[in-house]
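Structure file input-v2.cif (mmCIF, C-alpha atoms) is printed below.
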```cif
data_query
#
loop_
_atom_site.label_atom_id
_atom_site.label_comp_id
_atom_site.auth_asym_id
_atom_site.auth_seq_id
_atom_site.Cartn_x
_atom_site.Cartn_y
_atom_site.Cartn_z
CA MET A 1 104.61 130.57 99.23
CA THR A 2 106.37 129.91 102.56
CA ILE A 3 104.41 129.43 105.77
CA LEU A 4 106.27 129.71 109.07
CA ILE A 5 105.08 127.48 111.89
CA GLU A 6 106.11 127.23 115.51
CA GLN A 7 108.17 124.24 116.54
CA PRO A 8 106.46 121.84 118.96
CA GLU A 9 107.58 121.92 122.58
CA PHE A 10 108.68 118.41 123.38
CA GLY A 11 108.41 117.08 126.93
CA VAL A 12 105.55 119.46 127.78
CA GLU A 13 102.18 117.82 127.97
CA VAL A 14 99.52 119.30 125.69
CA GLY A 15 96.87 121.02 127.74
CA THR A 16 98.98 121.63 130.91
CA GLU A 17 99.45 125.02 132.54
CA ALA A 18 102.54 127.03 131.57
CA GLY A 19 105.61 125.70 133.31
CA GLU A 20 103.88 122.50 134.43
CA LYS A 21 105.67 119.52 132.90
CA LYS A 22 105.27 115.77 132.95
CA VAL A 23 107.80 113.13 132.04
CA PHE A 24 106.79 110.39 129.63
CA GLU A 25 108.42 107.33 128.21
CA GLU A 26 109.15 107.98 124.52
CA GLU A 27 106.29 105.84 123.24
CA LYS A 28 103.79 106.97 125.88
CA GLU A 29 103.77 110.73 125.23
CA LEU A 30 100.17 110.63 124.07
CA VAL A 31 98.73 109.31 127.35
CA LEU A 32 97.15 112.67 128.10
CA ASP A 33 94.30 114.22 130.04
CA ASP A 34 90.62 113.43 129.56
CA GLY A 35 89.35 114.48 126.16
CA LEU A 36 92.72 114.10 124.42
CA PHE A 37 94.11 111.22 122.44
CA VAL A 38 95.24 108.22 124.52
CA VAL A 39 97.82 105.73 123.29
CA PRO A 40 96.36 102.21 123.20
CA HIS A 41 98.52 99.34 124.45
CA THR A 42 97.70 97.00 121.56
CA ASN A 43 96.82 97.18 117.87
CA SER A 44 93.67 95.93 116.13
CA PHE A 45 94.93 92.35 116.49
CA GLY A 46 95.64 92.58 120.24
CA GLN A 47 99.43 92.71 119.74
CA THR A 48 102.04 95.40 120.37
CA PHE A 49 102.52 97.91 117.57
CA ARG A 50 105.05 97.24 114.77
CA ASP A 51 105.98 93.83 116.18
CA TYR A 52 107.14 92.09 113.01
CA ASP A 53 108.04 88.92 114.88
CA ALA A 54 104.72 88.44 116.68
CA GLU A 55 102.87 85.31 115.65
CA GLY A 56 99.57 86.13 114.04
CA GLU A 57 97.51 85.69 110.93
CA ARG A 58 99.32 88.46 109.05
CA GLN A 59 102.92 87.86 110.20
CA PRO A 60 103.96 85.44 107.40
CA SER A 61 102.51 87.60 104.62
CA VAL A 62 104.10 90.75 106.07
CA GLU A 63 107.55 89.15 106.10
CA ILE A 64 107.15 87.86 102.55
CA PHE A 65 106.11 91.36 101.53
CA TYR A 66 109.35 92.82 102.92
CA GLN A 67 111.45 90.14 101.25
CA ILE A 68 110.05 91.07 97.83
CA ASN A 69 110.26 94.78 98.63
CA HIS A 70 113.90 94.68 99.68
CA ILE A 71 114.95 92.66 96.65
CA ASN A 72 113.30 94.94 94.10
CA GLN A 73 113.64 98.47 95.45
CA THR A 74 116.83 99.46 93.66
CA TYR A 75 118.24 102.87 92.75
CA ASP A 76 117.50 102.16 89.10
CA PHE A 77 113.90 101.13 89.82
CA VAL A 78 113.22 104.26 91.88
CA GLN A 79 114.59 106.53 89.15
CA ARG A 80 112.26 104.92 86.59
CA MET A 81 109.21 105.19 88.85
CA ARG A 82 109.87 108.84 89.72
CA LYS A 83 110.33 109.73 86.06
CA GLU A 84 107.10 107.99 85.07
CA TYR A 85 104.87 109.23 87.90
CA SER A 86 106.23 112.78 87.88
CA LYS A 87 104.25 113.24 84.67
CA LEU A 88 101.04 113.37 86.74
CA ASN A 89 99.04 112.44 83.65
CA ARG A 90 96.79 109.63 84.92
CA VAL A 91 93.80 111.20 86.67
CA GLU A 92 92.42 114.64 87.53
CA MET A 93 90.42 114.76 90.75
CA SER A 94 90.05 116.50 94.09
CA ILE A 95 91.66 115.52 97.37
CA TRP A 96 88.34 114.31 98.81
CA GLU A 97 87.61 112.21 95.72
CA CYS A 98 90.95 110.53 96.29
CA CYS A 99 90.09 109.92 99.96
CA GLU A 100 86.97 108.07 98.87
CA LEU A 101 88.96 105.91 96.48
CA LEU A 102 90.93 104.52 99.43
CA ASN A 103 87.85 102.58 100.55
CA GLU A 104 89.12 99.97 98.09
CA VAL A 105 92.61 99.69 99.61
CA VAL A 106 94.04 97.49 102.39
CA ASP A 107 97.77 97.74 103.17
CA GLU A 108 99.28 94.22 103.24
CA SER A 109 102.54 95.45 104.79
CA ASP A 110 100.91 96.77 107.96
CA PRO A 111 100.86 94.34 110.92
CA ASP A 112 98.60 96.69 112.92
CA LEU A 113 95.68 97.39 110.61
CA ASP A 114 93.21 95.56 108.40
CA GLU A 115 90.59 98.29 107.96
CA PRO A 116 90.07 100.28 104.71
CA GLN A 117 92.54 103.16 104.56
CA ILE A 118 89.90 105.91 104.74
CA GLU A 119 89.23 104.79 108.33
CA HIS A 120 92.89 105.21 109.25
CA LEU A 121 93.14 108.64 107.59
CA LEU A 122 90.23 110.01 109.59
CA GLN A 123 91.36 108.34 112.82
CA THR A 124 94.77 110.01 112.43
CA ALA A 125 93.40 113.42 111.49
CA GLU A 126 90.80 113.49 114.26
CA ALA A 127 93.30 112.37 116.92
CA ILE A 128 95.65 115.20 115.90
CA ARG A 129 92.78 117.68 115.82
CA LYS A 130 91.92 116.95 119.45
CA ASP A 131 95.43 117.66 120.72
CA TYR A 132 96.54 120.37 118.26
CA PRO A 133 93.31 122.29 117.55
CA ASN A 134 95.10 125.34 116.14
CA GLU A 135 97.38 123.49 113.68
CA ASP A 136 94.90 122.97 110.86
CA TRP A 137 97.71 122.15 108.41
CA LEU A 138 98.59 119.17 110.61
CA HIS A 139 94.97 117.97 110.64
CA LEU A 140 94.93 118.01 106.84
CA THR A 141 98.31 116.28 106.69
CA GLY A 142 96.83 113.49 108.80
CA LEU A 143 93.99 113.15 106.32
CA ILE A 144 96.09 113.08 103.15
CA HIS A 145 99.34 111.41 104.20
CA ASP A 146 98.44 107.99 102.76
CA LEU A 147 96.55 109.08 99.63
CA GLY A 148 99.41 107.85 97.46
CA LYS A 149 98.21 104.31 98.12
CA VAL A 150 95.87 104.78 95.16
CA LEU A 151 98.88 103.51 93.19
CA LEU A 152 97.43 100.07 93.96
CA LEU A 153 94.35 100.83 91.84
CA PRO A 154 94.02 100.20 88.05
CA SER A 155 93.72 103.89 87.11
CA PHE A 156 97.12 104.52 88.66
CA GLY A 157 98.99 101.57 87.19
CA GLU A 158 97.89 98.91 89.72
CA LEU A 159 101.40 98.64 91.11
CA PRO A 160 102.22 95.64 93.31
CA GLN A 161 102.06 96.15 97.07
CA TRP A 162 105.86 96.08 97.43
CA ALA A 163 106.08 99.18 95.19
CA VAL A 164 103.44 101.14 97.12
CA VAL A 165 103.44 100.44 100.87
CA GLY A 166 105.77 99.42 103.68
CA ASP A 167 108.66 101.15 105.43
CA THR A 168 110.73 103.37 103.15
CA PHE A 169 114.51 103.80 103.04
CA PRO A 170 117.14 105.60 100.97
CA VAL A 171 118.49 103.93 97.85
CA GLY A 172 121.85 104.84 96.37
CA CYS A 173 123.70 104.23 99.64
CA SER A 174 124.13 101.31 102.04
CA PHE A 175 121.03 99.79 103.64
CA ASP A 176 121.18 100.52 107.37
CA GLN A 177 120.66 97.68 109.85
CA ALA A 178 117.78 99.66 111.37
CA ASN A 179 115.58 98.79 108.40
CA VAL A 180 113.02 96.09 109.23
CA HIS A 181 113.91 92.62 107.87
CA HIS A 182 117.32 93.90 106.83
CA LYS A 183 118.55 90.41 105.93
CA TYR A 184 116.62 90.45 102.66
CA PHE A 185 118.65 93.36 101.29
CA LYS A 186 121.40 90.84 100.58
CA GLU A 187 119.31 89.75 97.59
CA ASN A 188 119.14 93.32 96.23
CA PRO A 189 121.72 93.93 93.44
CA ASP A 190 122.57 97.36 94.91
CA TYR A 191 123.86 95.60 98.03
CA TYR A 192 126.94 94.54 96.06
CA ASN A 193 127.35 97.63 93.87
CA PRO A 194 130.34 99.69 95.10
CA ALA A 195 128.66 102.87 93.85
CA TYR A 196 125.73 102.32 96.21
CA ASN A 197 126.90 100.19 99.14
CA THR A 198 128.86 102.73 101.18
CA LYS A 199 127.61 105.00 103.97
CA PHE A 200 127.18 107.99 101.64
CA GLY A 201 126.91 106.22 98.30
CA VAL A 202 125.96 108.80 95.65
CA TYR A 203 125.23 111.44 98.31
CA SER A 204 127.29 113.73 100.56
CA GLU A 205 127.13 114.59 104.24
CA GLY A 206 124.33 117.04 105.04
CA CYS A 207 123.06 117.05 101.46
CA GLY A 208 119.44 117.23 102.62
CA LEU A 209 116.82 114.53 102.40
CA GLU A 210 115.07 116.29 99.51
CA ASN A 211 118.11 115.32 97.43
CA VAL A 212 117.99 111.67 98.52
CA MET A 213 116.17 109.02 96.48
CA MET A 214 113.78 107.09 98.72
CA SER A 215 112.37 103.64 97.96
CA TRP A 216 109.37 104.16 95.72
CA GLY A 217 105.89 104.10 97.16
CA HIS A 218 102.85 106.05 98.25
CA ASP A 219 104.87 108.49 100.37
CA ASP A 220 107.01 109.82 97.54
CA TYR A 221 104.09 109.80 95.09
CA MET A 222 101.84 111.90 97.33
CA TYR A 223 104.76 114.24 98.00
CA LEU A 224 105.17 114.76 94.24
CA VAL A 225 101.41 115.28 93.78
CA ALA A 226 101.24 117.91 96.54
CA LYS A 227 104.40 119.73 95.46
CA GLU A 228 103.71 119.79 91.72
CA ASN A 229 100.10 120.93 92.20
CA ASN A 230 101.38 123.95 94.16
CA CYS A 231 99.73 123.21 97.48
CA THR A 232 100.38 125.84 100.16
CA LEU A 233 101.03 123.46 103.07
CA PRO A 234 104.18 124.30 105.09
CA SER A 235 107.43 122.43 104.46
CA ALA A 236 106.88 120.37 107.63
CA ALA A 237 103.72 118.92 106.08
CA LEU A 238 105.53 117.89 102.90
CA PHE A 239 108.30 116.40 105.05
CA ILE A 240 105.73 114.34 106.98
CA ILE A 241 104.07 113.14 103.79
CA ARG A 242 107.34 112.00 102.21
CA TYR A 243 109.02 110.48 105.27
CA HIS A 244 106.23 109.18 107.53
CA SER A 245 107.15 105.58 106.59
CA PHE A 246 110.90 106.22 107.01
CA TYR A 247 111.01 104.41 110.37
CA ALA A 248 114.75 103.80 110.26
CA LEU A 249 115.15 107.56 110.62
CA HIS A 250 112.41 108.69 112.96
CA LYS A 251 112.39 105.62 115.21
CA ALA A 252 116.03 104.46 115.13
CA GLY A 253 117.89 107.65 114.19
CA ALA A 254 119.58 106.13 111.14
CA TYR A 255 120.67 108.17 108.10
CA LYS A 256 120.93 111.44 110.03
CA HIS A 257 124.25 112.12 108.30
CA LEU A 258 122.24 112.97 105.16
CA MET A 259 120.03 115.57 106.87
CA ASN A 260 120.38 119.35 106.65
CA GLU A 261 119.19 122.00 109.15
CA GLU A 262 115.67 122.21 107.72
CA ASP A 263 115.32 118.42 107.94
CA VAL A 264 116.27 118.53 111.62
CA LYS A 265 113.53 121.09 112.34
CA ASN A 266 110.90 119.22 110.34
CA LEU A 267 111.80 115.93 112.01
CA ASN A 268 110.39 117.34 115.25
CA TRP A 269 106.98 117.60 113.63
CA LEU A 270 107.30 114.14 112.11
CA HIS A 271 107.90 112.73 115.60
CA VAL A 272 104.68 114.41 116.74
CA PHE A 273 102.76 113.11 113.73
CA ASN A 274 104.07 109.56 113.87
CA LYS A 275 102.56 108.81 117.25
CA TYR A 276 99.11 109.64 115.89
CA ASP A 277 99.73 107.82 112.62
CA LEU A 278 100.82 104.65 114.43
CA TYR A 279 98.72 104.55 117.58
CA SER A 280 95.39 105.76 116.17
CA LYS A 281 94.98 102.43 114.34
CA SER A 282 92.02 101.03 116.19
CA LYS A 283 88.43 99.83 115.82
CA VAL A 284 87.07 103.28 116.69
CA ARG A 285 84.79 104.41 113.86
CA ILE A 286 84.62 107.99 112.60
CA ASP A 287 81.37 109.60 111.43
CA VAL A 288 82.56 110.62 107.97
CA GLU A 289 79.62 112.89 107.13
CA LYS A 290 79.96 114.75 110.42
CA VAL A 291 83.63 115.68 109.93
CA LYS A 292 83.57 116.01 106.13
CA PRO A 293 82.66 119.76 106.00
CA TYR A 294 85.63 120.65 108.20
CA TYR A 295 88.14 118.77 106.05
CA LEU A 296 86.64 120.11 102.83
CA SER A 297 87.30 123.62 104.16
CA LEU A 298 90.95 122.74 104.80
CA ILE A 299 91.33 121.21 101.37
CA GLU A 300 89.97 124.40 99.82
CA LYS A 301 92.42 126.45 101.90
CA TYR A 302 95.57 124.56 100.94
CA PHE A 303 94.87 122.86 97.59
CA PRO A 304 93.39 123.68 94.19
CA SER A 305 89.92 122.26 93.51
CA LYS A 306 91.31 119.66 91.09
CA LEU A 307 94.76 118.08 91.10
CA ARG A 308 96.77 116.21 88.50
CA TRP A 309 97.66 112.72 89.69
#
```

Take the structure from the file and write it as structure tokens.
Amino acid sequence: MTILIEQPEFGVEVGTEAGEKKVFEEEKELVLDDGLFVVPHTNSFGQTFRDYDAEGERQPSVEIFYQINHINQTYDFVQRMRKEYSKLNRVEMSIWECCELLNEVVDESDPDLDEPQIEHLLQTAEAIRKDYPNEDWLHLTGLIHDLGKVLLLPSFGELPQWAVVGDTFPVGCSFDQANVHHKYFKENPDYYNPAYNTKFGVYSEGCGLENVMMSWGHDDYMYLVAKENNCTLPSAALFIIRYHSFYALHKAGAYKHLMNEEDVKNLNWLHVFNKYDLYSKSKVRIDVEKVKPYYLSLIEKYFPSKLRW
């Protein structure tokens, strides 16, 4: 089932009169009118967002995380993980049941957040809901985008953090300099493999990101879960789920030579989503019971009652 959605109008402030425009700096587009989501200046630790060099209690562990991640995320490893987890034979449960499981998860790769993941999911979804009230598919995408982090839990294989979270990147081609802590890729065996260390590697120009192997983690896993369980979310939602951690693309513009026309369209929505995903990380608490009925209605609209995980 294909759902057509309107493309977002970039550069036009949400909530303004027709024809009335405001100019924003790229990272300040969410500083909007009263009642809408406002971009905070600092993260939960009082530092700028995604500052991997800032001194703080989590900085050393975050860098160590990326060192291990970059060494081990090889083309071979990703193929094995995709083959294993595509079986979807571990658990059968609903989307909301999975949301509740995330109370047990903290993402060690994230320099901006130390709250349980369920808090972040609801912060993201509710921030989007305020500014895009008619795009219910986008609200639900905000809620479910990180559900793949259940891979950290025993029922899902209890994978190490480096195989679940962190920025994602293509494998099977050269590692772009835009990837955070790029220096550690020099310890990855693919870095020296002539089959994988060129601009295109095993791919071709414009092949489409759906044909590109991404480093394994929660993004790709949740994408597989949603797709194989026949959810009816639009393609932009699946694109957001799979590539929301692909910062080298949507922040630095790397790897665009692998994109096709559909990717270009969906990237517009990912740019919208990312600002809420990143900047909604705060100490603001969400009343779960108050918003739960709304999200249960969306889950029923777009997903089966039980999914294979």

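Residues in contact with stretch 285-294 of chain A at up to 8 Å, not including ones fewer than 3 positions away on its chain and judged by only C-alpha atoms, are Glu119, Leu122, Gln123, Ser297 and Leu298 of chain A.
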
Problem - Atom pair atom CA of A:Leu278 / atom CA of A:His120: separation (Å) - result: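 Here the two named atoms are 9.5 Å from each other.
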
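With distances restricted to all atoms listed in the file, A:Ser94 is the closest residue to A:Lys306 from A:Gln177, A:Thr198, A:Asn188, A:Ser94.
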
Practice task
I need the residue set behind the PyMOL selection byres ((chain A and resi 208) around 8) for this file; please write it as JSON, numbers by chain.
Solution key: {"A": [206, 207, 209, 210, 211, 212, 258, 259, 260, 263]}

Practice task
Could you check how far atom CA of A:His218 sits from atom CA of A:Ser245, in Å to one decimal?
Solution key: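 Answer for the atom CA of A:His218 to atom CA of A:Ser245 separation: 9.4 Å.
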
Handout entry: Counting only C-alpha atoms, the option among A:Leu224, A:Ala252, A:Ile241, A:Ala163 closest to A:Ile71
Key = A:Ala163
